[in-house]
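protein29.pdb, holding PDB, C-alpha atoms:
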ATOM      1  CA  MET A   1     -30.794-128.523 -60.347
ATOM      2  CA  ASP A   2     -34.439-129.493 -60.796
ATOM      3  CA  ARG A   3     -36.371-128.621 -57.668
ATOM      4  CA  THR A   4     -39.895-129.427 -58.895
ATOM      5  CA  ASN A   5     -39.863-132.586 -56.801
ATOM      6  CA  ASP A   6     -38.844-130.876 -53.609
ATOM      7  CA  VAL A   7     -40.791-128.086 -52.017
ATOM      8  CA  GLN A   8     -38.042-127.259 -49.516
ATOM      9  CA  GLY A   9     -35.138-127.193 -51.997
ATOM     10  CA  ARG A  10     -33.163-130.209 -50.757
ATOM     11  CA  GLY A  11     -32.628-131.695 -54.231
ATOM     12  CA  SER A  12     -33.895-134.988 -55.566
ATOM     13  CA  PRO A  13     -36.429-136.966 -53.588
ATOM     14  CA  PRO A  14     -35.096-139.933 -51.623
ATOM     15  CA  PRO A  15     -35.465-143.382 -53.161
ATOM     16  CA  LYS A  16     -38.809-145.071 -52.621
ATOM     17  CA  PRO A  17     -39.093-147.803 -50.012
ATOM     18  CA  TYR A  18     -38.797-151.335 -51.390
ATOM     19  CA  ILE A  19     -42.525-152.074 -51.063
ATOM     20  CA  LEU A  20     -43.467-149.029 -53.175
ATOM     21  CA  ARG A  21     -40.827-149.887 -55.804
ATOM     22  CA  LEU A  22     -42.116-153.463 -55.944
ATOM     23  CA  LEU A  23     -45.711-152.274 -56.209
ATOM     24  CA  ASP A  24     -44.710-149.889 -59.010
ATOM     25  CA  ARG A  25     -43.072-152.733 -60.929
ATOM     26  CA  VAL A  26     -46.154-154.937 -60.527
ATOM     27  CA  LEU A  27     -48.543-152.145 -61.542
ATOM     28  CA  ASP A  28     -46.359-151.198 -64.526
ATOM     29  CA  ALA A  29     -46.210-154.838 -65.646
ATOM     30  CA  ALA A  30     -49.997-155.062 -65.369
ATOM     31  CA  ALA A  31     -50.302-151.899 -67.480
ATOM     32  CA  THR A  32     -48.065-153.403 -70.155
ATOM     33  CA  ILE A  33     -50.079-156.627 -70.188
ATOM     34  CA  PHE A  34     -53.383-154.735 -70.292
ATOM     35  CA  GLN A  35     -52.172-152.492 -73.113
ATOM     36  CA  THR A  36     -51.021-155.494 -75.130
ATOM     37  CA  CYS A  37     -54.343-157.260 -74.535
ATOM     38  CA  ALA A  38     -56.323-154.162 -75.562
ATOM     39  CA  GLU A  39     -54.272-153.848 -78.746
ATOM     40  CA  VAL A  40     -54.771-157.534 -79.568
ATOM     41  CA  LEU A  41     -58.523-157.178 -79.004
ATOM     42  CA  VAL A  42     -58.660-154.195 -81.383
ATOM     43  CA  GLY A  43     -56.714-156.247 -83.943
ATOM     44  CA  ILE A  44     -59.160-159.143 -83.615
ATOM     45  CA  MET A  45     -62.082-156.743 -84.062
ATOM     46  CA  LEU A  46     -60.478-155.408 -87.222
ATOM     47  CA  LEU A  47     -59.850-158.880 -88.625
ATOM     48  CA  ILE A  48     -63.319-160.289 -87.966
ATOM     49  CA  ASN A  49     -64.956-157.191 -89.441
ATOM     50  CA  ILE A  50     -62.748-157.406 -92.547
ATOM     51  CA  LEU A  51     -63.758-161.064 -92.796
ATOM     52  CA  ASN A  52     -67.448-160.130 -92.516
ATOM     53  CA  VAL A  53     -67.228-157.338 -95.108
ATOM     54  CA  GLY A  54     -65.232-159.589 -97.434
ATOM     55  CA  SER A  55     -67.761-162.394 -97.085
ATOM     56  CA  ARG A  56     -70.671-160.082 -97.928
ATOM     57  CA  ASN A  57     -68.850-158.457-100.845
ATOM     58  CA  LEU A  58     -68.005-161.838-102.348
ATOM     59  CA  GLY A  59     -71.677-162.860-102.292
ATOM     60  CA  GLY A  60     -71.432-164.886 -99.107
ATOM     61  CA  PRO A  61     -73.632-164.566 -96.072
ATOM     62  CA  SER A  62     -73.244-161.954 -93.384
ATOM     63  CA  LEU A  63     -71.484-163.407 -90.372
ATOM     64  CA  LEU A  64     -74.054-162.790 -87.656
ATOM     65  CA  TRP A  65     -71.612-163.462 -84.823
ATOM     66  CA  VAL A  66     -69.248-160.627 -85.826
ATOM     67  CA  TRP A  67     -71.302-157.734 -84.410
ATOM     68  CA  PRO A  68     -71.852-159.181 -80.894
ATOM     69  CA  TRP A  69     -68.213-160.270 -80.664
ATOM     70  CA  THR A  70     -67.050-156.851 -81.883
ATOM     71  CA  ALA A  71     -69.132-155.176 -79.179
ATOM     72  CA  THR A  72     -67.825-157.571 -76.510
ATOM     73  CA  LEU A  73     -64.198-157.107 -77.536
ATOM     74  CA  MET A  74     -64.636-153.321 -77.654
ATOM     75  CA  VAL A  75     -66.005-153.264 -74.110
ATOM     76  CA  TRP A  76     -63.115-155.406 -72.904
ATOM     77  CA  ALA A  77     -60.524-153.247 -74.707
ATOM     78  CA  VAL A  78     -61.954-150.034 -73.243
ATOM     79  CA  PHE A  79     -62.077-151.434 -69.722
ATOM     80  CA  LEU A  80     -58.502-152.732 -69.968
ATOM     81  CA  ALA A  81     -57.311-149.378 -71.340
ATOM     82  CA  PHE A  82     -59.067-147.649 -68.427
ATOM     83  CA  TYR A  83     -56.309-148.853 -66.100
ATOM     84  CA  VAL A  84     -53.488-148.194 -68.563
ATOM     85  CA  MET A  85     -54.499-144.582 -69.173
ATOM     86  CA  TYR A  86     -54.397-143.675 -65.494
ATOM     87  CA  ARG A  87     -51.282-145.699 -64.739
ATOM     88  CA  ARG A  88     -49.384-144.095 -67.608
ATOM     89  CA  ASN A  89     -50.720-140.585 -66.904
ATOM     90  CA  VAL A  90     -52.416-140.172 -70.287
ATOM     91  CA  ASP A  91     -55.777-139.322 -68.781
ATOM     92  CA  ILE A  92     -57.342-135.911 -69.108
ATOM     93  CA  SER A  93     -55.899-133.579 -66.498
ATOM     94  CA  MET A  94     -55.906-129.938 -65.568
ATOM     95  CA  SER A  95     -52.143-129.655 -66.076
ATOM     96  CA  PHE A  96     -52.483-126.188 -67.608
ATOM     97  CA  VAL A  97     -53.837-124.929 -64.268
ATOM     98  CA  VAL A  98     -51.800-127.168 -61.941
ATOM     99  CA  GLU A  99     -48.480-126.223 -63.581
ATOM    100  CA  ARG A 100     -49.078-122.610 -62.592
ATOM    101  CA  LEU A 101     -49.613-123.339 -58.903
ATOM    102  CA  ALA A 102     -46.979-123.090 -56.202
ATOM    103  CA  PRO A 103     -45.300-126.463 -55.479
ATOM    104  CA  VAL A 104     -47.224-127.031 -52.258
ATOM    105  CA  TRP A 105     -50.527-126.448 -54.098
ATOM    106  CA  GLN A 106     -49.421-128.693 -56.958
ATOM    107  CA  LYS A 107     -48.901-131.418 -54.374
ATOM    108  CA  ALA A 108     -52.331-130.756 -52.831
ATOM    109  CA  ALA A 109     -54.048-130.723 -56.241
ATOM    110  CA  THR A 110     -52.372-133.977 -57.250
ATOM    111  CA  ILE A 111     -53.379-135.675 -54.007
ATOM    112  CA  LEU A 112     -56.946-134.385 -54.390
ATOM    113  CA  ALA A 113     -57.116-135.739 -57.952
ATOM    114  CA  HIS A 114     -55.858-139.126 -56.745
ATOM    115  CA  LEU A 115     -58.383-139.130 -53.910
ATOM    116  CA  CYS A 116     -61.213-138.440 -56.366
ATOM    117  CA  GLY A 117     -60.042-141.298 -58.571
ATOM    118  CA  LEU A 118     -59.715-143.528 -55.529
ATOM    119  CA  VAL A 119     -63.312-142.834 -54.497
ATOM    120  CA  VAL A 120     -64.657-143.719 -57.959
ATOM    121  CA  VAL A 121     -62.698-146.940 -58.488
ATOM    122  CA  GLY A 122     -63.044-147.833 -54.820
ATOM    123  CA  LEU A 123     -66.823-147.752 -55.127
ATOM    124  CA  ILE A 124     -66.711-149.857 -58.288
ATOM    125  CA  THR A 125     -64.456-152.372 -56.533
ATOM    126  CA  LEU A 126     -66.633-152.484 -53.420
ATOM    127  CA  GLU A 127     -69.739-153.015 -55.563
ATOM    128  CA  ALA A 128     -68.114-155.832 -57.563
ATOM    129  CA  PRO A 129     -70.118-158.669 -55.963
ATOM    130  CA  GLN A 130     -73.410-156.895 -56.669
ATOM    131  CA  ILE A 131     -72.345-155.923 -60.190
ATOM    132  CA  LEU A 132     -71.523-159.539 -60.997
ATOM    133  CA  ALA A 133     -74.696-160.876 -59.326
ATOM    134  CA  ARG A 134     -76.948-158.590 -61.396
ATOM    135  CA  GLN A 135     -75.473-159.619 -64.731
ATOM    136  CA  VAL A 136     -77.025-163.001 -65.316
ATOM    137  CA  GLY A 137     -77.809-164.784 -68.528
ATOM    138  CA  VAL A 138     -75.925-165.718 -71.636
ATOM    139  CA  MET A 139     -75.100-163.141 -74.322
ATOM    140  CA  GLU A 140     -76.660-164.117 -77.639
ATOM    141  CA  LEU A 141     -74.263-165.290 -80.362
ATOM    142  CA  VAL A 142     -71.331-164.857 -77.984
ATOM    143  CA  GLY A 143     -72.118-167.649 -75.550
ATOM    144  CA  LEU A 144     -70.557-165.991 -72.511
ATOM    145  CA  GLN A 145     -72.284-165.019 -69.307
ATOM    146  CA  ARG A 146     -73.161-161.315 -69.147
ATOM    147  CA  TYR A 147     -70.886-160.743 -66.141
ATOM    148  CA  ALA A 148     -67.912-161.480 -68.420
ATOM    149  CA  LEU A 149     -68.324-157.950 -69.799
ATOM    150  CA  SER A 150     -67.602-156.440 -66.360
ATOM    151  CA  VAL A 151     -64.589-158.512 -65.366
ATOM    152  CA  PRO A 152     -61.984-156.258 -67.081
ATOM    153  CA  LEU A 153     -63.589-153.170 -65.493
ATOM    154  CA  LEU A 154     -63.479-154.732 -62.036
ATOM    155  CA  VAL A 155     -59.868-155.858 -62.418
ATOM    156  CA  SER A 156     -58.862-152.427 -63.762
ATOM    157  CA  SER A 157     -60.670-150.743 -60.865
ATOM    158  CA  ALA A 158     -58.961-152.941 -58.282
ATOM    159  CA  LEU A 159     -55.557-152.183 -59.810
ATOM    160  CA  LEU A 160     -56.397-148.484 -59.887
ATOM    161  CA  VAL A 161     -57.183-148.598 -56.158
ATOM    162  CA  LEU A 162     -53.622-149.830 -55.625
ATOM    163  CA  HIS A 163     -52.282-147.276 -58.111
ATOM    164  CA  PHE A 164     -53.943-144.295 -56.427
ATOM    165  CA  LEU A 165     -52.966-145.463 -52.939
ATOM    166  CA  SER A 166     -49.373-145.933 -54.101
ATOM    167  CA  GLU A 167     -49.281-142.511 -55.745
ATOM    168  CA  ILE A 168     -50.716-140.778 -52.675
ATOM    169  CA  ALA A 169     -48.248-142.573 -50.397
ATOM    170  CA  SER A 170     -45.345-141.667 -52.690
ATOM    171  CA  ILE A 171     -46.318-137.989 -52.677
ATOM    172  CA  LEU A 172     -46.876-137.842 -48.922
ATOM    173  CA  LEU A 173     -43.554-139.583 -48.263
ATOM    174  CA  GLY A 174     -41.753-137.238 -50.654
ATOM    175  CA  HIS A 175     -40.849-139.915 -53.202
ATOM    176  CA  ALA A 176     -42.886-138.727 -56.189
ATOM    177  CA  SER A 177     -42.761-135.836 -58.564
ATOM    178  CA  ILE A 178     -45.470-133.281 -57.967
ATOM    179  CA  ALA A 179     -45.132-131.781 -61.435
ATOM    180  CA  PRO A 180     -47.901-132.908 -63.794
ATOM    181  CA  PRO A 181     -46.740-135.345 -66.466
ATOM    182  CA  GLY A 182     -46.036-134.153 -69.977
ATOM    183  CA  ASP A 183     -47.885-135.278 -73.060
ATOM    184  CA  ASP A 184     -45.014-137.357 -74.463
ATOM    185  CA  GLU A 185     -46.662-140.725 -73.891
ATOM    186  CA  ALA A 186     -50.044-139.461 -75.053
ATOM    187  CA  LEU A 187     -48.520-139.166 -78.515
ATOM    188  CA  LEU A 188     -47.733-142.902 -78.454
ATOM    189  CA  TRP A 189     -51.408-143.751 -77.971
TER     190      TRP A 189
END
Target encoding structure tokens, full file:
Amino acid sequence: MDRTNDVQGRGSPPPKPYILRLLDRVLDAAATIFQTCAEVLVGIMLLINILNVGSRNLGGPSLLWVWPWTATLMVWAVFLAFYVMYRRNVDISMSFVVERLAPVWQKAATILAHLCGLVVVGLITLEAPQILARQVGVMELVGLQRYALSVPLLVSSALLVLHFLSEIASILLGHASIAPPGDDEALLW
């Protein structure tokens, strides 16, 4: 019997309340959508850069719009992946240390890590109106307003606020594993 989820040895944790299960499904769906979008953006970057290199190698002109669009798409892909990495537990963690702690300290360390993440993304989310207000003007050769660069970061941060709150609630209510995740999914990325 695996007792890593239960400090007091009562077996498996009880099922999560409906609202936490629903929130998990929504957050997981958002992670899947964000991952797909990030992958598509990387594919577009690859294609437009191949097009630019091909054009120059065939004696054609350099496509001036490729570099600013590549930079824009890269920023968007990174900001979308920001949410996915934390949601899927493929972020950098101190699992080597946490795995060696007693279960109650593993729980405390996990909650502390989630609280730290919550503070960071919470501040980004709270500052969203000011972040958007400061980014005025049109990006050259892209034609979008500068604030468009920050939108994926702000959406990822807002979703991470929900993610960290959900994870903390699940741990405190005894519905989540306190063992650090393995590196299985990291290999997929």
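We find CA of Asn89 (chain A) and CA of Leu23 (chain A) to be spaced 16.6 Å apart.
Of note, CA of Leu51 (chain A) and CA of Phe82 (chain A) are spaced 28.2 Å apart.
Here the PyMOL selection byres ((chain A and resi 126-130) around 12) captures the residues Leu118, Val119, Val120, Val121, Gly122, Leu123, Ile124, Thr125, Ile131, Leu132, Ala133, Arg134, Gln135, Val136, Tyr147, Ser150, Val151, Pro152, Leu153, Leu154, Val155, Ser156, Ser157, Ala158 and Val161 of chain A.
Non-sequential neighbours of Met139 (chain A) (distance at most 10 Å, separation of 3 or more positions within a chain, all atoms listed in the file) are Pro68, Trp69, Thr72, Val136, Val142, Gly143, Leu144, Gln145, Arg146, Tyr147, Ala148 and Leu149 of chain A.
The space separating CA of Pro61 (chain A) from CA of Leu73 (chain A) comes to 22.1 Å.
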Min atom-atom distance to Thr32 (chain A) from the set A:Trp67, A:Trp76, A:Tyr18, A:Tyr83, counting only C-alpha atoms, belongs to A:Tyr83
Please tell me which residues are no farther than 9 Å from (-48.7, -133.6, -53.4) in the file, counting only C-alpha atoms, and write them as an mmCIF file with C-alpha atoms, in the coordinates of the input.
data_model
loop_
_atom_site.group_PDB
_atom_site.id
_atom_site.type_symbol
_atom_site.label_atom_id
_atom_site.label_comp_id
_atom_site.auth_asym_id
_atom_site.auth_seq_id
_atom_site.Cartn_x
_atom_site.Cartn_y
_atom_site.Cartn_z
ATOM 1 C CA PRO A 103 -45.300 -126.463 -55.479
ATOM 2 C CA VAL A 104 -47.224 -127.031 -52.258
ATOM 3 C CA TRP A 105 -50.527 -126.448 -54.098
ATOM 4 C CA GLN A 106 -49.421 -128.693 -56.958
ATOM 5 C CA LYS A 107 -48.901 -131.418 -54.374
ATOM 6 C CA ALA A 108 -52.331 -130.756 -52.831
ATOM 7 C CA ALA A 109 -54.048 -130.723 -56.241
ATOM 8 C CA THR A 110 -52.372 -133.977 -57.250
ATOM 9 C CA ILE A 111 -53.379 -135.675 -54.007
ATOM 10 C CA LEU A 112 -56.946 -134.385 -54.390
ATOM 11 C CA ILE A 168 -50.716 -140.778 -52.675
ATOM 12 C CA SER A 170 -45.345 -141.667 -52.690
ATOM 13 C CA ILE A 171 -46.318 -137.989 -52.677
ATOM 14 C CA LEU A 172 -46.876 -137.842 -48.922
ATOM 15 C CA GLY A 174 -41.753 -137.238 -50.654
ATOM 16 C CA ALA A 176 -42.886 -138.727 -56.189
ATOM 17 C CA SER A 177 -42.761 -135.836 -58.564
ATOM 18 C CA ILE A 178 -45.470 -133.281 -57.967
ATOM 19 C CA ALA A 179 -45.132 -131.781 -61.435
#
Practice problem: Let me know the residues the PyMOL selection byres ((chain A and resi 88) around 9) catches in the file above, as a PyMOL selection string. | Solution: chain A and resi 28+31+83-87+89-91+185-186
Around all listed atoms of region 158-169 of chain A, padded 5 Å per side, what centre and edge lengths does the axis-aligned box have in Å to one decimal, as lines of an AutoDock Vina configuration file?
center_x = -53.6
center_y = -146.9
center_z = -55.1
size_x = 20.7
size_y = 22.2
size_z = 19.5
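The residue that comes closest to Ile19 (chain A), out of A:Glu39, A:Leu173, A:Asn57, A:Ser166 and on the basis of all atoms listed in the file, is A:Ser166.
Among A:Val42, A:Asp24, A:Asn52, A:Ala102, the residue with the shortest atom-to-atom distance to Ala77 (chain A), counting only C-alpha atoms, is A:Val42.
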Complete region 10-33 of chain A with N, CA and C atoms (output as a PDB file, in the coordinates of the input).
ATOM      1  N   ARG A  10     -34.239-129.320 -51.182  1.00  0.00           N
ATOM      2  CA  ARG A  10     -33.163-130.209 -50.757  1.00  0.00           C
ATOM      3  C   ARG A  10     -32.636-131.072 -51.895  1.00  0.00           C
ATOM      4  N   GLY A  11     -33.099-130.884 -53.115  1.00  0.00           N
ATOM      5  CA  GLY A  11     -32.628-131.695 -54.231  1.00  0.00           C
ATOM      6  C   GLY A  11     -33.608-132.790 -54.584  1.00  0.00           C
ATOM      7  N   SER A  12     -33.066-133.873 -55.110  1.00  0.00           N
ATOM      8  CA  SER A  12     -33.895-134.988 -55.566  1.00  0.00           C
ATOM      9  C   SER A  12     -34.578-135.678 -54.396  1.00  0.00           C
ATOM     10  N   PRO A  13     -35.752-136.243 -54.663  1.00  0.00           N
ATOM     11  CA  PRO A  13     -36.429-136.966 -53.588  1.00  0.00           C
ATOM     12  C   PRO A  13     -35.649-138.226 -53.228  1.00  0.00           C
ATOM     13  N   PRO A  14     -35.787-138.698 -52.013  1.00  0.00           N
ATOM     14  CA  PRO A  14     -35.096-139.933 -51.623  1.00  0.00           C
ATOM     15  C   PRO A  14     -35.687-141.126 -52.378  1.00  0.00           C
ATOM     16  N   PRO A  15     -34.930-142.206 -52.469  1.00  0.00           N
ATOM     17  CA  PRO A  15     -35.465-143.382 -53.161  1.00  0.00           C
ATOM     18  C   PRO A  15     -36.692-143.928 -52.425  1.00  0.00           C
ATOM     19  N   LYS A  16     -37.589-144.504 -53.200  1.00  0.00           N
ATOM     20  CA  LYS A  16     -38.809-145.071 -52.621  1.00  0.00           C
ATOM     21  C   LYS A  16     -38.466-146.297 -51.781  1.00  0.00           C
ATOM     22  N   PRO A  17     -39.272-146.560 -50.766  1.00  0.00           N
ATOM     23  CA  PRO A  17     -39.093-147.803 -50.012  1.00  0.00           C
ATOM     24  C   PRO A  17     -39.314-149.008 -50.935  1.00  0.00           C
ATOM     25  N   TYR A  18     -38.740-150.121 -50.566  1.00  0.00           N
ATOM     26  CA  TYR A  18     -38.797-151.335 -51.390  1.00  0.00           C
ATOM     27  C   TYR A  18     -40.234-151.704 -51.750  1.00  0.00           C
ATOM     28  N   ILE A  19     -41.148-151.643 -50.806  1.00  0.00           N
ATOM     29  CA  ILE A  19     -42.525-152.074 -51.063  1.00  0.00           C
ATOM     30  C   ILE A  19     -43.179-151.199 -52.136  1.00  0.00           C
ATOM     31  N   LEU A  20     -42.902-149.898 -52.144  1.00  0.00           N
ATOM     32  CA  LEU A  20     -43.467-149.029 -53.175  1.00  0.00           C
ATOM     33  C   LEU A  20     -42.810-149.274 -54.535  1.00  0.00           C
ATOM     34  N   ARG A  21     -41.505-149.556 -54.541  1.00  0.00           N
ATOM     35  CA  ARG A  21     -40.827-149.887 -55.804  1.00  0.00           C
ATOM     36  C   ARG A  21     -41.364-151.188 -56.376  1.00  0.00           C
ATOM     37  N   LEU A  22     -41.568-152.180 -55.506  1.00  0.00           N
ATOM     38  CA  LEU A  22     -42.116-153.463 -55.944  1.00  0.00           C
ATOM     39  C   LEU A  22     -43.535-153.283 -56.479  1.00  0.00           C
ATOM     40  N   LEU A  23     -44.349-152.529 -55.764  1.00  0.00           N
ATOM     41  CA  LEU A  23     -45.711-152.274 -56.209  1.00  0.00           C
ATOM     42  C   LEU A  23     -45.721-151.543 -57.550  1.00  0.00           C
ATOM     43  N   ASP A  24     -44.823-150.587 -57.731  1.00  0.00           N
ATOM     44  CA  ASP A  24     -44.710-149.889 -59.010  1.00  0.00           C
ATOM     45  C   ASP A  24     -44.377-150.852 -60.144  1.00  0.00           C
ATOM     46  N   ARG A  25     -43.445-151.762 -59.893  1.00  0.00           N
ATOM     47  CA  ARG A  25     -43.072-152.733 -60.929  1.00  0.00           C
ATOM     48  C   ARG A  25     -44.257-153.629 -61.285  1.00  0.00           C
ATOM     49  N   VAL A  26     -44.987-154.080 -60.280  1.00  0.00           N
ATOM     50  CA  VAL A  26     -46.154-154.937 -60.527  1.00  0.00           C
ATOM     51  C   VAL A  26     -47.234-154.171 -61.296  1.00  0.00           C
ATOM     52  N   LEU A  27     -47.515-152.950 -60.878  1.00  0.00           N
ATOM     53  CA  LEU A  27     -48.543-152.145 -61.542  1.00  0.00           C
ATOM     54  C   LEU A  27     -48.122-151.769 -62.967  1.00  0.00           C
ATOM     55  N   ASP A  28     -46.848-151.488 -63.176  1.00  0.00           N
ATOM     56  CA  ASP A  28     -46.359-151.198 -64.526  1.00  0.00           C
ATOM     57  C   ASP A  28     -46.443-152.433 -65.423  1.00  0.00           C
ATOM     58  N   ALA A  29     -46.104-153.596 -64.873  1.00  0.00           N
ATOM     59  CA  ALA A  29     -46.210-154.838 -65.646  1.00  0.00           C
ATOM     60  C   ALA A  29     -47.666-155.109 -66.018  1.00  0.00           C
ATOM     61  N   ALA A  30     -48.575-154.885 -65.071  1.00  0.00           N
ATOM     62  CA  ALA A  30     -49.997-155.062 -65.369  1.00  0.00           C
ATOM     63  C   ALA A  30     -50.441-154.105 -66.466  1.00  0.00           C
ATOM     64  N   ALA A  31     -49.950-152.875 -66.443  1.00  0.00           N
ATOM     65  CA  ALA A  31     -50.302-151.899 -67.480  1.00  0.00           C
ATOM     66  C   ALA A  31     -49.801-152.358 -68.847  1.00  0.00           C
ATOM     67  N   THR A  32     -48.606-152.903 -68.891  1.00  0.00           N
ATOM     68  CA  THR A  32     -48.065-153.403 -70.155  1.00  0.00           C
ATOM     69  C   THR A  32     -48.894-154.570 -70.679  1.00  0.00           C
ATOM     70  N   ILE A  33     -49.252-155.478 -69.794  1.00  0.00           N
ATOM     71  CA  ILE A  33     -50.079-156.627 -70.188  1.00  0.00           C
ATOM     72  C   ILE A  33     -51.452-156.154 -70.663  1.00  0.00           C
TER      73      ILE A  33
END
